[in-house]
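Below is protein29.txt, holding compact mmCIF, N, CA and C atoms.
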# COMPACT_ATOMS: atom_id res chain seq x y z
N MET A 1 -41.35 10.04 -22.54
CA MET A 1 -40.94 9.78 -21.18
C MET A 1 -39.44 10.02 -21.07
N ALA A 2 -39.06 10.79 -20.07
CA ALA A 2 -37.64 11.09 -19.86
C ALA A 2 -36.96 9.92 -19.17
N ARG A 3 -35.73 9.69 -19.56
CA ARG A 3 -34.95 8.62 -18.93
C ARG A 3 -34.30 9.15 -17.65
N ARG A 4 -34.27 8.31 -16.65
CA ARG A 4 -33.58 8.66 -15.41
C ARG A 4 -32.10 8.53 -15.61
N LYS A 5 -31.39 9.52 -15.15
CA LYS A 5 -29.94 9.46 -15.22
C LYS A 5 -29.43 8.79 -13.95
N SER A 6 -28.53 7.85 -14.14
CA SER A 6 -27.95 7.22 -12.96
C SER A 6 -26.58 7.82 -12.72
N THR A 7 -26.27 7.96 -11.47
CA THR A 7 -24.96 8.48 -11.09
C THR A 7 -24.02 7.31 -10.90
N PRO A 8 -22.91 7.28 -11.65
CA PRO A 8 -21.99 6.17 -11.47
C PRO A 8 -21.32 6.23 -10.10
N THR A 9 -21.10 5.08 -9.53
CA THR A 9 -20.41 5.02 -8.24
C THR A 9 -19.08 4.30 -8.43
N THR A 10 -18.12 4.71 -7.67
CA THR A 10 -16.82 4.08 -7.72
C THR A 10 -16.65 3.22 -6.49
N THR A 11 -16.32 1.97 -6.67
CA THR A 11 -16.06 1.10 -5.54
C THR A 11 -14.63 0.60 -5.65
N ASN A 12 -13.86 0.88 -4.64
CA ASN A 12 -12.46 0.46 -4.62
C ASN A 12 -12.31 -0.96 -4.13
N ILE A 13 -13.22 -1.40 -3.27
CA ILE A 13 -13.08 -2.68 -2.61
C ILE A 13 -14.39 -3.45 -2.72
N ALA A 14 -14.30 -4.74 -2.97
CA ALA A 14 -15.50 -5.57 -3.03
C ALA A 14 -16.10 -5.68 -1.63
N PRO A 15 -17.44 -5.69 -1.53
CA PRO A 15 -18.06 -5.82 -0.22
C PRO A 15 -17.64 -7.12 0.46
N GLU A 16 -17.32 -7.03 1.74
CA GLU A 16 -16.95 -8.22 2.49
C GLU A 16 -17.08 -7.96 3.98
N ASP A 17 -17.01 -9.02 4.72
CA ASP A 17 -17.08 -8.96 6.18
C ASP A 17 -16.03 -9.94 6.68
N ALA A 18 -14.99 -9.44 7.35
CA ALA A 18 -13.89 -10.29 7.79
C ALA A 18 -13.64 -10.09 9.28
N ARG A 19 -13.18 -11.15 9.93
CA ARG A 19 -12.89 -11.11 11.36
C ARG A 19 -11.52 -11.69 11.63
N GLY A 20 -10.89 -11.20 12.69
CA GLY A 20 -9.60 -11.71 13.08
C GLY A 20 -8.84 -10.72 13.94
N ARG A 21 -7.53 -10.83 13.90
CA ARG A 21 -6.65 -9.94 14.67
C ARG A 21 -6.29 -8.74 13.80
N LEU A 22 -6.44 -7.52 14.33
CA LEU A 22 -6.19 -6.32 13.55
C LEU A 22 -5.07 -5.50 14.17
N GLU A 23 -4.10 -5.11 13.35
CA GLU A 23 -3.03 -4.21 13.78
C GLU A 23 -3.28 -2.85 13.15
N ARG A 24 -3.10 -1.79 13.95
CA ARG A 24 -3.36 -0.42 13.49
C ARG A 24 -2.07 0.37 13.45
N GLU A 25 -2.00 1.27 12.48
CA GLU A 25 -0.82 2.12 12.33
C GLU A 25 -1.26 3.51 11.92
N GLY A 26 -0.82 4.53 12.67
CA GLY A 26 -1.08 5.92 12.29
C GLY A 26 -2.30 6.55 12.92
N GLY A 27 -2.99 5.87 13.82
CA GLY A 27 -4.18 6.44 14.44
C GLY A 27 -3.93 6.88 15.86
N LEU A 28 -5.02 7.04 16.61
CA LEU A 28 -4.92 7.45 18.01
C LEU A 28 -4.32 6.34 18.87
N GLU A 29 -4.68 5.11 18.57
CA GLU A 29 -4.17 3.96 19.30
C GLU A 29 -3.56 2.99 18.31
N GLU A 30 -2.46 2.39 18.70
CA GLU A 30 -1.82 1.43 17.80
C GLU A 30 -1.76 0.04 18.40
N THR A 31 -2.49 -0.17 19.50
CA THR A 31 -2.52 -1.50 20.09
C THR A 31 -3.35 -2.42 19.21
N PRO A 32 -2.94 -3.68 19.06
CA PRO A 32 -3.73 -4.62 18.24
C PRO A 32 -5.09 -4.92 18.86
N ILE A 33 -6.03 -5.28 18.03
CA ILE A 33 -7.35 -5.70 18.47
C ILE A 33 -7.46 -7.18 18.14
N GLU A 34 -7.64 -8.00 19.16
CA GLU A 34 -7.67 -9.46 18.96
C GLU A 34 -8.96 -9.95 18.33
N ARG A 35 -10.08 -9.37 18.68
CA ARG A 35 -11.37 -9.81 18.15
C ARG A 35 -12.00 -8.69 17.33
N ALA A 36 -11.41 -8.42 16.18
CA ALA A 36 -11.86 -7.32 15.31
C ALA A 36 -12.78 -7.85 14.22
N GLN A 37 -13.64 -6.98 13.75
CA GLN A 37 -14.50 -7.26 12.62
C GLN A 37 -14.43 -6.06 11.69
N VAL A 38 -14.20 -6.32 10.40
CA VAL A 38 -14.11 -5.26 9.40
C VAL A 38 -15.22 -5.47 8.39
N GLU A 39 -16.02 -4.43 8.16
CA GLU A 39 -17.06 -4.46 7.14
C GLU A 39 -16.70 -3.48 6.04
N VAL A 40 -16.75 -3.96 4.81
CA VAL A 40 -16.35 -3.16 3.67
C VAL A 40 -17.55 -2.94 2.75
N CYS A 41 -17.72 -1.70 2.32
CA CYS A 41 -18.75 -1.38 1.34
C CYS A 41 -18.22 -0.23 0.48
N GLY A 42 -17.82 -0.55 -0.74
CA GLY A 42 -17.27 0.48 -1.62
C GLY A 42 -15.95 0.99 -1.10
N SER A 43 -15.85 2.29 -0.95
CA SER A 43 -14.60 2.87 -0.48
C SER A 43 -14.65 3.21 1.01
N HIS A 44 -15.59 2.59 1.73
CA HIS A 44 -15.72 2.78 3.17
C HIS A 44 -15.43 1.46 3.87
N VAL A 45 -14.65 1.52 4.94
CA VAL A 45 -14.32 0.35 5.74
C VAL A 45 -14.61 0.70 7.20
N VAL A 46 -15.43 -0.11 7.86
CA VAL A 46 -15.81 0.16 9.25
C VAL A 46 -15.19 -0.92 10.13
N LEU A 47 -14.58 -0.49 11.23
CA LEU A 47 -13.94 -1.38 12.17
C LEU A 47 -14.78 -1.50 13.44
N TYR A 48 -15.06 -2.75 13.83
CA TYR A 48 -15.76 -3.06 15.06
C TYR A 48 -14.86 -3.94 15.91
N ALA A 49 -15.05 -3.90 17.23
CA ALA A 49 -14.28 -4.76 18.13
C ALA A 49 -15.17 -5.25 19.25
N TRP A 50 -14.86 -6.45 19.73
CA TRP A 50 -15.59 -7.02 20.85
C TRP A 50 -15.15 -6.33 22.13
N ASP A 51 -16.11 -5.86 22.91
CA ASP A 51 -15.83 -5.21 24.19
C ASP A 51 -16.14 -6.22 25.30
N ASP A 52 -15.09 -6.71 25.96
CA ASP A 52 -15.26 -7.71 27.02
C ASP A 52 -16.05 -7.16 28.20
N ILE A 53 -15.89 -5.89 28.51
CA ILE A 53 -16.57 -5.29 29.65
C ILE A 53 -18.08 -5.20 29.41
N ASP A 54 -18.46 -4.69 28.23
CA ASP A 54 -19.89 -4.54 27.92
C ASP A 54 -20.50 -5.84 27.38
N GLY A 55 -19.66 -6.75 26.91
CA GLY A 55 -20.17 -8.00 26.34
C GLY A 55 -20.88 -7.80 25.02
N ARG A 56 -20.38 -6.85 24.23
CA ARG A 56 -20.99 -6.59 22.92
C ARG A 56 -19.94 -6.04 21.95
N VAL A 57 -20.33 -5.98 20.70
CA VAL A 57 -19.46 -5.42 19.67
C VAL A 57 -19.69 -3.92 19.61
N ARG A 58 -18.62 -3.14 19.49
CA ARG A 58 -18.79 -1.69 19.37
C ARG A 58 -17.98 -1.17 18.19
N ARG A 59 -18.47 -0.10 17.61
CA ARG A 59 -17.82 0.53 16.46
C ARG A 59 -16.61 1.32 16.95
N ILE A 60 -15.46 1.13 16.28
CA ILE A 60 -14.22 1.79 16.67
C ILE A 60 -13.91 2.97 15.75
N ASP A 61 -13.96 2.74 14.44
CA ASP A 61 -13.56 3.79 13.49
C ASP A 61 -14.09 3.42 12.11
N LYS A 62 -14.01 4.38 11.21
CA LYS A 62 -14.41 4.18 9.82
C LYS A 62 -13.36 4.84 8.93
N LEU A 63 -12.96 4.13 7.89
CA LEU A 63 -12.05 4.71 6.90
C LEU A 63 -12.85 5.11 5.68
N THR A 64 -12.58 6.29 5.17
CA THR A 64 -13.16 6.73 3.90
C THR A 64 -12.04 6.78 2.87
N GLU A 65 -12.42 6.77 1.61
CA GLU A 65 -11.46 6.76 0.50
C GLU A 65 -10.44 5.64 0.70
N ALA A 66 -10.93 4.50 1.15
CA ALA A 66 -10.05 3.38 1.50
C ALA A 66 -9.64 2.56 0.28
N VAL A 67 -8.46 2.01 0.39
CA VAL A 67 -7.91 1.12 -0.63
C VAL A 67 -7.44 -0.13 0.10
N MET A 68 -7.68 -1.30 -0.50
CA MET A 68 -7.30 -2.55 0.13
C MET A 68 -6.27 -3.28 -0.71
N THR A 69 -5.32 -3.91 -0.04
CA THR A 69 -4.39 -4.82 -0.71
C THR A 69 -4.43 -6.14 0.05
N LYS A 70 -4.29 -7.23 -0.70
CA LYS A 70 -4.32 -8.56 -0.09
C LYS A 70 -2.95 -9.20 -0.21
N SER A 71 -2.58 -9.91 0.82
CA SER A 71 -1.37 -10.73 0.78
C SER A 71 -1.80 -12.13 1.20
N PRO A 72 -0.91 -13.10 1.11
CA PRO A 72 -1.29 -14.46 1.53
C PRO A 72 -1.66 -14.57 3.01
N THR A 73 -1.18 -13.66 3.84
CA THR A 73 -1.43 -13.77 5.28
C THR A 73 -2.42 -12.76 5.83
N HIS A 74 -2.62 -11.64 5.14
CA HIS A 74 -3.49 -10.60 5.70
C HIS A 74 -4.05 -9.69 4.62
N MET A 75 -4.99 -8.84 5.05
CA MET A 75 -5.55 -7.80 4.19
C MET A 75 -5.15 -6.46 4.81
N GLU A 76 -4.80 -5.51 3.97
CA GLU A 76 -4.39 -4.20 4.46
C GLU A 76 -5.34 -3.15 3.91
N TYR A 77 -5.86 -2.32 4.80
CA TYR A 77 -6.77 -1.23 4.43
C TYR A 77 -6.08 0.08 4.77
N ARG A 78 -6.09 1.01 3.83
CA ARG A 78 -5.49 2.33 4.06
C ARG A 78 -6.51 3.37 3.64
N GLY A 79 -6.76 4.33 4.53
CA GLY A 79 -7.73 5.37 4.23
C GLY A 79 -7.73 6.47 5.27
N ILE A 80 -8.68 7.38 5.14
CA ILE A 80 -8.80 8.54 6.04
C ILE A 80 -9.67 8.15 7.23
N SER A 81 -9.12 8.30 8.43
CA SER A 81 -9.80 7.93 9.66
C SER A 81 -10.87 8.95 10.03
N GLU A 82 -12.10 8.48 10.13
CA GLU A 82 -13.20 9.34 10.56
C GLU A 82 -12.98 9.81 12.00
N ARG A 83 -12.45 8.94 12.82
CA ARG A 83 -12.20 9.27 14.22
C ARG A 83 -11.21 10.43 14.35
N LEU A 84 -10.16 10.41 13.55
CA LEU A 84 -9.17 11.48 13.59
C LEU A 84 -9.73 12.80 13.07
N THR A 85 -10.50 12.73 11.99
CA THR A 85 -11.01 13.98 11.39
C THR A 85 -12.16 14.58 12.17
N SER A 86 -13.09 13.76 12.64
CA SER A 86 -14.27 14.33 13.31
C SER A 86 -14.07 14.54 14.81
N MET A 87 -13.42 13.61 15.50
CA MET A 87 -13.28 13.74 16.95
C MET A 87 -12.08 14.60 17.35
N VAL A 88 -10.98 14.46 16.63
CA VAL A 88 -9.75 15.14 17.01
C VAL A 88 -9.54 16.43 16.21
N GLY A 89 -10.12 16.50 15.01
CA GLY A 89 -9.98 17.69 14.19
C GLY A 89 -8.76 17.70 13.29
N VAL A 90 -8.20 16.54 13.03
CA VAL A 90 -7.04 16.44 12.13
C VAL A 90 -7.51 16.65 10.69
N ARG A 91 -6.70 17.35 9.90
CA ARG A 91 -7.04 17.56 8.49
C ARG A 91 -7.05 16.20 7.78
N PRO A 92 -7.97 16.00 6.82
CA PRO A 92 -8.06 14.72 6.12
C PRO A 92 -6.74 14.25 5.51
N GLU A 93 -5.97 15.17 4.96
CA GLU A 93 -4.70 14.77 4.35
C GLU A 93 -3.68 14.26 5.37
N ASP A 94 -3.90 14.58 6.65
CA ASP A 94 -3.01 14.11 7.72
C ASP A 94 -3.60 12.95 8.50
N ALA A 95 -4.78 12.48 8.12
CA ALA A 95 -5.49 11.46 8.89
C ALA A 95 -5.45 10.09 8.22
N MET A 96 -4.45 9.82 7.40
CA MET A 96 -4.32 8.52 6.75
C MET A 96 -3.83 7.48 7.76
N VAL A 97 -4.55 6.37 7.84
CA VAL A 97 -4.15 5.28 8.73
C VAL A 97 -4.14 3.98 7.95
N THR A 98 -3.48 2.98 8.52
CA THR A 98 -3.40 1.66 7.92
C THR A 98 -3.86 0.63 8.94
N TRP A 99 -4.71 -0.28 8.47
CA TRP A 99 -5.15 -1.41 9.29
C TRP A 99 -4.72 -2.68 8.59
N ARG A 100 -4.16 -3.63 9.34
CA ARG A 100 -3.80 -4.93 8.81
C ARG A 100 -4.62 -5.98 9.55
N LEU A 101 -5.48 -6.68 8.80
CA LEU A 101 -6.34 -7.69 9.38
C LEU A 101 -5.79 -9.07 9.04
N PHE A 102 -5.50 -9.84 10.09
CA PHE A 102 -5.04 -11.20 9.95
C PHE A 102 -6.24 -12.10 10.27
N PRO A 103 -6.97 -12.53 9.23
CA PRO A 103 -8.24 -13.23 9.48
C PRO A 103 -8.04 -14.62 10.05
N LYS A 104 -9.11 -15.10 10.68
CA LYS A 104 -9.12 -16.48 11.13
C LYS A 104 -9.23 -17.34 9.88
N GLY A 105 -8.45 -18.38 9.78
CA GLY A 105 -8.43 -19.19 8.57
C GLY A 105 -7.57 -18.50 7.52
N CYS A 106 -7.79 -18.81 6.26
CA CYS A 106 -6.98 -18.19 5.21
C CYS A 106 -7.72 -17.02 4.57
N VAL A 107 -6.98 -16.14 3.91
CA VAL A 107 -7.54 -14.93 3.32
C VAL A 107 -8.52 -15.24 2.21
N ASP A 108 -8.26 -16.26 1.38
CA ASP A 108 -9.09 -16.55 0.21
C ASP A 108 -10.14 -17.63 0.43
N CYS A 109 -10.31 -18.10 1.69
CA CYS A 109 -11.29 -19.15 1.95
C CYS A 109 -12.70 -18.60 2.01
Written as structure tokens, how would this file's structure read?
Amino acid sequence: MARRKSTPTTTNIAPEDARGRLEREGGLEETPIERAQVEVCGSHVVLYAWDDIDGRVRRIDKLTEAVMTKSPTHMEYRGISERLTSMVGVRPEDAMVTWRLFPKGCVDC
């Protein structure tokens, strides 16, 4: 019986789901999002925001090849913006953005 080969996966960030105030830098919009939700899975980070008009959560952007750093007050995600590359046509090397999430409560709780 032949053994199945598994393909190793690289995960830069532990899976998590965080909510709070998000500041954006380097994207199409740099206005803060007060009710943001960030979902992390491997090297992908997806940003959702509450839409007061529709009364629901909507997807804003996704970072690929993302890296996260933690500080005592916030988490910082840096990666390639899917919105910039697919919707606007920016080259991936020019589509690096930074998100800073200031979660409700403390970062390590």
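Among the candidates A:Gly55, A:Pro92, A:Gly26, A:Gly20, the one nearest to A:Val38 when counting only N, CA and C atoms is A:Gly20.
Pairwise distance (atom C of A:Thr31, atom C of A:Val90) equals 21.3 Å.
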Please identify the strand (DSSP E or B) residues within chain A (assignment by DSSP from backbone atoms) and present them as a ChimeraX atom specification. /A:13-25,33-42,44-51,56-70,75-81,96-103
Figure out the distance between atom N of A:Val97 and atom C of A:Arg21, please, to one decimal in Å.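 Taking atom C of A:Arg21 and atom N of A:Val97, their separation equals 16.3 Å.
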Near A:Ala36, counting all atoms listed in the file, which residues have an atom at most 6.5 Å away, once you skip same-chain residues fewer than 5 positions from it, shown as a list in words?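 Counting all atoms listed in the file, the residues come to Ala18, Arg19, Gly20, Arg21, Leu22, Tyr48, Ala49 and Trp50 of chain A.
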From A:Glu65, A:Pro72, A:Asp17, A:Ser86, residue lying nearest A:Val40 [only N, CA and C atoms]: A:Asp17
From the set A:Val57, A:Leu101, A:Cys41, A:Leu28, which residue has the shortest atom-to-atom contact distance to A:Thr73, counting all atoms listed in the file? A:Leu101
So which residues of stretch 41-89 of chain A fall under helix (DSSP H, G or I) by DSSP, listed as number ranges by chain? A: 82-88
What does the structure give for the distance between atom CA of A:Arg59 and atom CA of A:Trp99, in Å to one decimal?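 Answer for the atom CA of A:Arg59 to atom CA of A:Trp99 separation: 14.7 Å.
Comparing the minimum interatomic distances between A:Lys104 and each of A:Met68, A:Met75, A:Val45, A:Ile80, counting only C-alpha atoms, we find that A:Met75 sits nearest.
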Find, counting all atoms listed in the file, the residue in A:Phe102, A:Ile33, A:Met96, A:Gly42 that gets nearest to A:Arg78.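 Answer, going by the shortest atom-to-atom distance: A:Met96.
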Find the residue from A:Arg91, A:Gln37, A:Ser81, A:Glu25 that sits nearest to A:Thr64; use only N, CA and C atoms when measuring. A:Ser81
